[in-house]
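Below: upload_9.tsv (TSV, N, CA and C atoms)
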chain	number	residue	atom	x	y	z
V	28	MET	N	-154.25	-180.90	-116.68
V	28	MET	CA	-152.85	-180.59	-116.44
V	28	MET	C	-152.12	-180.47	-117.77
V	29	LYS	N	-151.25	-179.49	-117.88
V	29	LYS	CA	-150.47	-179.28	-119.10
V	29	LYS	C	-149.47	-180.42	-119.28
V	30	ASN	N	-149.22	-180.79	-120.52
V	30	ASN	CA	-148.26	-181.83	-120.84
V	30	ASN	C	-146.88	-181.43	-120.32
V	31	PRO	N	-146.25	-182.24	-119.45
V	31	PRO	CA	-144.95	-181.86	-118.87
V	31	PRO	C	-143.82	-181.84	-119.88
V	32	LEU	N	-144.02	-182.40	-121.07
V	32	LEU	CA	-142.98	-182.37	-122.09
V	32	LEU	C	-143.04	-181.11	-122.94
V	33	GLU	N	-144.11	-180.34	-122.85
V	33	GLU	CA	-144.22	-179.10	-123.63
V	33	GLU	C	-143.32	-178.03	-123.04
V	34	MET	N	-142.99	-177.03	-123.85
V	34	MET	CA	-142.13	-175.96	-123.38
V	34	MET	C	-142.82	-175.12	-122.30
V	35	ARG	N	-142.01	-174.62	-121.38
V	35	ARG	CA	-142.49	-173.74	-120.32
V	35	ARG	C	-141.54	-172.55	-120.25
V	36	HIS	N	-142.09	-171.36	-120.07
V	36	HIS	CA	-141.28	-170.15	-119.98
V	36	HIS	C	-141.15	-169.74	-118.51
V	37	HIS	N	-139.93	-169.38	-118.13
V	37	HIS	CA	-139.65	-168.96	-116.75
V	37	HIS	C	-138.71	-167.76	-116.76
V	38	THR	N	-138.60	-167.11	-115.62
V	38	THR	CA	-137.59	-166.07	-115.43
V	38	THR	C	-136.98	-166.23	-114.05
V	39	VAL	N	-135.74	-165.80	-113.93
V	39	VAL	CA	-135.06	-165.73	-112.64
V	39	VAL	C	-134.45	-164.34	-112.55
V	40	LEU	N	-134.20	-163.91	-111.34
V	40	LEU	CA	-133.59	-162.61	-111.11
V	40	LEU	C	-132.09	-162.77	-111.03
V	41	GLY	N	-131.38	-162.06	-111.89
V	41	GLY	CA	-129.92	-162.11	-111.89
V	41	GLY	C	-129.35	-160.81	-111.39
V	42	LEU	N	-128.10	-160.83	-110.98
V	42	LEU	CA	-127.43	-159.63	-110.48
V	42	LEU	C	-126.17	-159.41	-111.29
V	43	GLY	N	-126.06	-158.22	-111.85
V	43	GLY	CA	-124.89	-157.87	-112.64
V	43	GLY	C	-124.29	-156.57	-112.11
V	44	ILE	N	-123.33	-156.07	-112.82
V	44	ILE	CA	-122.64	-154.84	-112.43
V	44	ILE	C	-123.59	-153.65	-112.28
V	45	GLU	N	-124.63	-153.61	-113.09
V	45	GLU	CA	-125.57	-152.49	-113.05
V	45	GLU	C	-126.82	-152.79	-112.22
V	46	GLY	N	-126.82	-153.87	-111.47
V	46	GLY	CA	-127.95	-154.18	-110.61
V	46	GLY	C	-128.68	-155.43	-111.07
V	47	PHE	N	-129.91	-155.57	-110.61
V	47	PHE	CA	-130.71	-156.75	-110.92
V	47	PHE	C	-131.31	-156.67	-112.32
V	48	HIS	N	-131.49	-157.84	-112.93
V	48	HIS	CA	-132.12	-157.94	-114.24
V	48	HIS	C	-132.86	-159.27	-114.32
V	49	ARG	N	-133.80	-159.34	-115.23
V	49	ARG	CA	-134.60	-160.54	-115.43
V	49	ARG	C	-133.94	-161.41	-116.50
V	50	LEU	N	-133.66	-162.68	-116.15
V	50	LEU	CA	-133.09	-163.63	-117.09
V	50	LEU	C	-134.17	-164.65	-117.44
V	51	ALA	N	-134.54	-164.70	-118.71
V	51	ALA	CA	-135.60	-165.60	-119.17
V	51	ALA	C	-135.01	-166.89	-119.70
V	52	TYR	N	-135.76	-167.98	-119.52
V	52	TYR	CA	-135.34	-169.25	-120.11
V	52	TYR	C	-136.57	-170.09	-120.45
V	53	THR	N	-136.38	-170.97	-121.42
V	53	THR	CA	-137.41	-171.92	-121.80
V	53	THR	C	-136.96	-173.29	-121.32
V	54	GLU	N	-137.90	-174.02	-120.74
V	54	GLU	CA	-137.59	-175.35	-120.20
V	54	GLU	C	-138.47	-176.38	-120.89
V	55	TRP	N	-137.89	-177.51	-121.20
V	55	TRP	CA	-138.58	-178.63	-121.83
V	55	TRP	C	-138.35	-179.87	-121.00
V	56	GLY	N	-139.25	-180.85	-121.10
V	56	GLY	CA	-139.08	-182.12	-120.42
V	56	GLY	C	-139.55	-182.09	-118.97
V	57	MET	N	-139.34	-183.19	-118.28
V	57	MET	CA	-139.78	-183.32	-116.89
V	57	MET	C	-138.86	-182.50	-115.98
V	58	PRO	N	-139.42	-181.65	-115.13
V	58	PRO	CA	-138.59	-180.84	-114.23
V	58	PRO	C	-137.72	-181.67	-113.30
V	59	ASP	N	-138.14	-182.88	-112.99
V	59	ASP	CA	-137.36	-183.72	-112.07
V	59	ASP	C	-136.56	-184.80	-112.80
V	60	ALA	N	-136.28	-184.59	-114.08
V	60	ALA	CA	-135.51	-185.57	-114.86
V	60	ALA	C	-134.13	-185.77	-114.24
V	61	GLU	N	-133.60	-186.96	-114.41
V	61	GLU	CA	-132.30	-187.29	-113.83
V	61	GLU	C	-131.17	-186.46	-114.43
V	62	ARG	N	-131.29	-186.13	-115.73
V	62	ARG	CA	-130.23	-185.37	-116.42
V	62	ARG	C	-130.82	-184.11	-117.04
V	63	THR	N	-130.03	-183.04	-117.03
V	63	THR	CA	-130.43	-181.76	-117.60
V	63	THR	C	-129.41	-181.33	-118.64
V	64	LEU	N	-129.90	-180.88	-119.80
V	64	LEU	CA	-129.06	-180.30	-120.84
V	64	LEU	C	-129.25	-178.79	-120.82
V	65	LEU	N	-128.17	-178.06	-120.95
V	65	LEU	CA	-128.21	-176.61	-121.02
V	65	LEU	C	-127.76	-176.21	-122.41
V	66	CYS	N	-128.65	-175.55	-123.16
V	66	CYS	CA	-128.36	-175.11	-124.53
V	66	CYS	C	-128.23	-173.59	-124.54
V	67	VAL	N	-127.02	-173.10	-124.75
V	67	VAL	CA	-126.76	-171.65	-124.70
V	67	VAL	C	-126.45	-171.16	-126.11
V	68	HIS	N	-127.14	-170.10	-126.51
V	68	HIS	CA	-127.00	-169.56	-127.86
V	68	HIS	C	-125.76	-168.68	-128.01
V	69	GLY	N	-125.47	-168.34	-129.25
V	69	GLY	CA	-124.34	-167.46	-129.56
V	69	GLY	C	-124.68	-165.99	-129.37
V	70	LEU	N	-123.76	-165.15	-129.73
V	70	LEU	CA	-123.83	-163.72	-129.47
V	70	LEU	C	-125.10	-163.02	-129.97
V	71	THR	N	-125.54	-163.32	-131.16
V	71	THR	CA	-126.68	-162.58	-131.74
V	71	THR	C	-127.96	-163.38	-131.83
V	72	ARG	N	-128.07	-164.47	-131.12
V	72	ARG	CA	-129.23	-165.35	-131.23
V	72	ARG	C	-130.04	-165.34	-129.94
V	73	ASN	N	-130.92	-166.33	-129.74
V	73	ASN	CA	-131.67	-166.46	-128.49
V	73	ASN	C	-131.99	-167.93	-128.23
V	74	GLY	N	-132.48	-168.22	-127.03
V	74	GLY	CA	-132.72	-169.59	-126.62
V	74	GLY	C	-133.74	-170.34	-127.45
V	75	ARG	N	-134.60	-169.63	-128.15
V	75	ARG	CA	-135.62	-170.29	-128.97
V	75	ARG	C	-135.02	-170.96	-130.20
V	76	ASP	N	-133.74	-170.70	-130.48
V	76	ASP	CA	-133.05	-171.39	-131.58
V	76	ASP	C	-133.05	-172.91	-131.38
V	77	TYR	N	-133.21	-173.34	-130.14
V	77	TYR	CA	-133.12	-174.76	-129.81
V	77	TYR	C	-134.48	-175.45	-129.69
V	78	ASP	N	-135.55	-174.81	-130.07
V	78	ASP	CA	-136.89	-175.37	-129.89
V	78	ASP	C	-137.03	-176.79	-130.46
V	79	ARG	N	-136.65	-177.01	-131.69
V	79	ARG	CA	-136.83	-178.33	-132.31
V	79	ARG	C	-135.96	-179.38	-131.64
V	80	LEU	N	-134.72	-179.04	-131.36
V	80	LEU	CA	-133.82	-179.97	-130.68
V	80	LEU	C	-134.32	-180.28	-129.28
V	81	ALA	N	-134.72	-179.24	-128.54
V	81	ALA	CA	-135.20	-179.41	-127.17
V	81	ALA	C	-136.47	-180.27	-127.13
V	82	GLU	N	-137.38	-180.03	-128.06
V	82	GLU	CA	-138.60	-180.83	-128.11
V	82	GLU	C	-138.27	-182.31	-128.31
V	83	HIS	N	-137.35	-182.58	-129.21
V	83	HIS	CA	-136.95	-183.96	-129.49
V	83	HIS	C	-136.27	-184.61	-128.27
V	84	LEU	N	-135.38	-183.88	-127.61
V	84	LEU	CA	-134.63	-184.43	-126.48
V	84	LEU	C	-135.42	-184.45	-125.17
V	85	SER	N	-136.56	-183.75	-125.13
V	85	SER	CA	-137.33	-183.64	-123.89
V	85	SER	C	-137.90	-184.97	-123.41
V	86	HIS	N	-137.90	-185.97	-124.26
V	86	HIS	CA	-138.39	-187.29	-123.85
V	86	HIS	C	-137.38	-188.03	-122.98
V	87	HIS	N	-136.13	-187.55	-122.99
V	87	HIS	CA	-135.06	-188.22	-122.24
V	87	HIS	C	-134.37	-187.31	-121.23
V	88	PHE	N	-134.48	-185.99	-121.41
V	88	PHE	CA	-133.76	-185.03	-120.58
V	88	PHE	C	-134.67	-183.86	-120.20
V	89	ARG	N	-134.29	-183.14	-119.18
V	89	ARG	CA	-134.81	-181.79	-118.95
V	89	ARG	C	-133.88	-180.89	-119.75
V	90	VAL	N	-134.43	-180.03	-120.59
V	90	VAL	CA	-133.63	-179.16	-121.46
V	90	VAL	C	-133.93	-177.71	-121.08
V	91	VAL	N	-132.89	-176.95	-120.78
V	91	VAL	CA	-133.03	-175.55	-120.39
V	91	VAL	C	-132.31	-174.69	-121.43
V	92	CYS	N	-133.03	-173.72	-121.99
V	92	CYS	CA	-132.50	-172.85	-123.04
V	92	CYS	C	-132.65	-171.40	-122.61
V	93	PRO	N	-131.62	-170.80	-122.01
V	93	PRO	CA	-131.73	-169.42	-121.54
V	93	PRO	C	-131.58	-168.41	-122.68
V	94	ASP	N	-132.17	-167.23	-122.46
V	94	ASP	CA	-131.91	-166.07	-123.30
V	94	ASP	C	-130.87	-165.25	-122.55
V	95	ILE	N	-129.65	-165.20	-123.10
V	95	ILE	CA	-128.59	-164.44	-122.44
V	95	ILE	C	-129.02	-162.98	-122.31
V	96	VAL	N	-128.55	-162.31	-121.27
V	96	VAL	CA	-128.94	-160.92	-120.99
V	96	VAL	C	-128.82	-160.07	-122.25
V	97	GLY	N	-129.90	-159.34	-122.54
V	97	GLY	CA	-129.95	-158.47	-123.72
V	97	GLY	C	-130.50	-159.15	-124.95
V	98	ARG	N	-130.86	-160.42	-124.86
V	98	ARG	CA	-131.38	-161.17	-126.00
V	98	ARG	C	-132.72	-161.79	-125.64
V	99	GLY	N	-133.54	-162.07	-126.64
V	99	GLY	CA	-134.82	-162.73	-126.43
V	99	GLY	C	-135.69	-162.01	-125.40
V	100	ARG	N	-136.19	-162.75	-124.42
V	100	ARG	CA	-137.08	-162.19	-123.41
V	100	ARG	C	-136.35	-161.69	-122.17
V	101	SER	N	-135.01	-161.79	-122.16
V	101	SER	CA	-134.24	-161.32	-121.00
V	101	SER	C	-134.03	-159.81	-121.08
V	102	ASP	N	-133.87	-159.20	-119.89
V	102	ASP	CA	-133.57	-157.74	-119.84
V	102	ASP	C	-132.20	-157.48	-120.43
Represent the supplied structure as structure tokens.
Amino acid sequence: MKNPLEMRHHTVLGLGIEGFHRLAYTEWGMPDAERTLLCVHGLTRNGRDYDRLAEHLSHHFRVVCPDIVGRGRSD
């Protein structure tokens, strides 16, 4: 079994003005953790900017780092 504290990549289907698009995010920590942190990047960046912080905090929180639409692995 993969270490539950390691990063995991996921996608969800989002709906915008122009139709459906794929929204990618990286998740760290236990999926059923009591608390979740959401780390959202700025205009020209992507969710992977938080890798070091998320890895460190994953021992205490579930950390979700999305790639906003048009950035990183998102459509």
* **Å distance separating atom C of Gly97 (chain V) from atom C of Glu54 (chain V), one decimal place** => 19.4 Å
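Closest to Asn73 (chain V) among V:Gly56, V:His48, V:Ser101, V:Phe88 is V:Ser101, based on only C-alpha atoms.
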So that all listed atoms of region 56-67 of chain V fit with 5 Å spare on each side, what axis-aligned box centre and edge lengths in Å, to one decimal, would you give as lines of an AutoDock Vina configuration file?
center_x = -133.1
center_y = -179.2
center_z = -119.1
size_x = 23.3
size_y = 26.1
size_z = 24.0
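Distances to Cys92 (chain V) were evaluated for V:Arg35, V:Gly74, V:His68, V:Leu80 using only C-alpha atoms, and the minimum falls at V:Gly74.
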* Asked: For Ser85 (chain V), which residue out of V:Tyr52, V:Thr71, V:Leu64, V:Gly99 is the nearest one, using only C-alpha atoms?
  -> V:Leu64
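The space between atom N of Pro93 (chain V) and atom N of Glu33 (chain V) spans 15.7 Å.
Using all atoms listed in the file for every distance, the candidate list V:Ile95, V:Arg79, V:Ile44, V:Leu50 yields V:Ile95 as the residue closest to Val67 (chain V).
Among the candidates V:Leu40, V:Met57, V:Met34, V:Leu70, the one nearest to His87 (chain V) when counting all atoms listed in the file is V:Met57.
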* To do: Just the strand (DSSP E or B) stuff from chain V, please, per backbone DSSP, written as a ChimeraX atom specification.
  => /V:35-43,46-55,63-65,89-93
Output file for the selection above: N, CA and C atoms, as an mmCIF file, keeping the file's coordinate frame:
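Listed below is the output, again_3.cif:
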data_model
loop_
_atom_site.group_PDB
_atom_site.id
_atom_site.type_symbol
_atom_site.label_atom_id
_atom_site.label_comp_id
_atom_site.auth_asym_id
_atom_site.auth_seq_id
_atom_site.Cartn_x
_atom_site.Cartn_y
_atom_site.Cartn_z
ATOM 1 N N ARG V 35 -142.010 -174.620 -121.380
ATOM 2 C CA ARG V 35 -142.490 -173.740 -120.320
ATOM 3 C C ARG V 35 -141.540 -172.550 -120.250
ATOM 4 N N HIS V 36 -142.090 -171.360 -120.070
ATOM 5 C CA HIS V 36 -141.280 -170.150 -119.980
ATOM 6 C C HIS V 36 -141.150 -169.740 -118.510
ATOM 7 N N HIS V 37 -139.930 -169.380 -118.130
ATOM 8 C CA HIS V 37 -139.650 -168.960 -116.750
ATOM 9 C C HIS V 37 -138.710 -167.760 -116.760
ATOM 10 N N THR V 38 -138.600 -167.110 -115.620
ATOM 11 C CA THR V 38 -137.590 -166.070 -115.430
ATOM 12 C C THR V 38 -136.980 -166.230 -114.050
ATOM 13 N N VAL V 39 -135.740 -165.800 -113.930
ATOM 14 C CA VAL V 39 -135.060 -165.730 -112.640
ATOM 15 C C VAL V 39 -134.450 -164.340 -112.550
ATOM 16 N N LEU V 40 -134.200 -163.910 -111.340
ATOM 17 C CA LEU V 40 -133.590 -162.610 -111.110
ATOM 18 C C LEU V 40 -132.090 -162.770 -111.030
ATOM 19 N N GLY V 41 -131.380 -162.060 -111.890
ATOM 20 C CA GLY V 41 -129.920 -162.110 -111.890
ATOM 21 C C GLY V 41 -129.350 -160.810 -111.390
ATOM 22 N N LEU V 42 -128.100 -160.830 -110.980
ATOM 23 C CA LEU V 42 -127.430 -159.630 -110.480
ATOM 24 C C LEU V 42 -126.170 -159.410 -111.290
ATOM 25 N N GLY V 43 -126.060 -158.220 -111.850
ATOM 26 C CA GLY V 43 -124.890 -157.870 -112.640
ATOM 27 C C GLY V 43 -124.290 -156.570 -112.110
ATOM 28 N N GLY V 46 -126.820 -153.870 -111.470
ATOM 29 C CA GLY V 46 -127.950 -154.180 -110.610
ATOM 30 C C GLY V 46 -128.680 -155.430 -111.070
ATOM 31 N N PHE V 47 -129.910 -155.570 -110.610
ATOM 32 C CA PHE V 47 -130.710 -156.750 -110.920
ATOM 33 C C PHE V 47 -131.310 -156.670 -112.320
ATOM 34 N N HIS V 48 -131.490 -157.840 -112.930
ATOM 35 C CA HIS V 48 -132.120 -157.940 -114.240
ATOM 36 C C HIS V 48 -132.860 -159.270 -114.320
ATOM 37 N N ARG V 49 -133.800 -159.340 -115.230
ATOM 38 C CA ARG V 49 -134.600 -160.540 -115.430
ATOM 39 C C ARG V 49 -133.940 -161.410 -116.500
ATOM 40 N N LEU V 50 -133.660 -162.680 -116.150
ATOM 41 C CA LEU V 50 -133.090 -163.630 -117.090
ATOM 42 C C LEU V 50 -134.170 -164.650 -117.440
ATOM 43 N N ALA V 51 -134.540 -164.700 -118.710
ATOM 44 C CA ALA V 51 -135.600 -165.600 -119.170
ATOM 45 C C ALA V 51 -135.010 -166.890 -119.700
ATOM 46 N N TYR V 52 -135.760 -167.980 -119.520
ATOM 47 C CA TYR V 52 -135.340 -169.250 -120.110
ATOM 48 C C TYR V 52 -136.570 -170.090 -120.450
ATOM 49 N N THR V 53 -136.380 -170.970 -121.420
ATOM 50 C CA THR V 53 -137.410 -171.920 -121.800
ATOM 51 C C THR V 53 -136.960 -173.290 -121.320
ATOM 52 N N GLU V 54 -137.900 -174.020 -120.740
ATOM 53 C CA GLU V 54 -137.590 -175.350 -120.200
ATOM 54 C C GLU V 54 -138.470 -176.380 -120.890
ATOM 55 N N TRP V 55 -137.890 -177.510 -121.200
ATOM 56 C CA TRP V 55 -138.580 -178.630 -121.830
ATOM 57 C C TRP V 55 -138.350 -179.870 -121.000
ATOM 58 N N THR V 63 -130.030 -183.040 -117.030
ATOM 59 C CA THR V 63 -130.430 -181.760 -117.600
ATOM 60 C C THR V 63 -129.410 -181.330 -118.640
ATOM 61 N N LEU V 64 -129.900 -180.880 -119.800
ATOM 62 C CA LEU V 64 -129.060 -180.300 -120.840
ATOM 63 C C LEU V 64 -129.250 -178.790 -120.820
ATOM 64 N N LEU V 65 -128.170 -178.060 -120.950
ATOM 65 C CA LEU V 65 -128.210 -176.610 -121.020
ATOM 66 C C LEU V 65 -127.760 -176.210 -122.410
ATOM 67 N N ARG V 89 -134.290 -183.140 -119.180
ATOM 68 C CA ARG V 89 -134.810 -181.790 -118.950
ATOM 69 C C ARG V 89 -133.880 -180.890 -119.750
ATOM 70 N N VAL V 90 -134.430 -180.030 -120.590
ATOM 71 C CA VAL V 90 -133.630 -179.160 -121.460
ATOM 72 C C VAL V 90 -133.930 -177.710 -121.080
ATOM 73 N N VAL V 91 -132.890 -176.950 -120.780
ATOM 74 C CA VAL V 91 -133.030 -175.550 -120.390
ATOM 75 C C VAL V 91 -132.310 -174.690 -121.430
ATOM 76 N N CYS V 92 -133.030 -173.720 -121.990
ATOM 77 C CA CYS V 92 -132.500 -172.850 -123.040
ATOM 78 C C CYS V 92 -132.650 -171.400 -122.610
ATOM 79 N N PRO V 93 -131.620 -170.800 -122.010
ATOM 80 C CA PRO V 93 -131.730 -169.420 -121.540
ATOM 81 C C PRO V 93 -131.580 -168.410 -122.680
#
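Counting all atoms listed in the file, the residue from V:Val91, V:Trp55, V:Gly46, V:Thr63 that sits nearest to Leu32 (chain V) is V:Trp55.
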* Asked: How far is it from CA of His86 (chain V) to atom C of Arg98 (chain V), in Å with one decimal?
  -> 26.2 Å
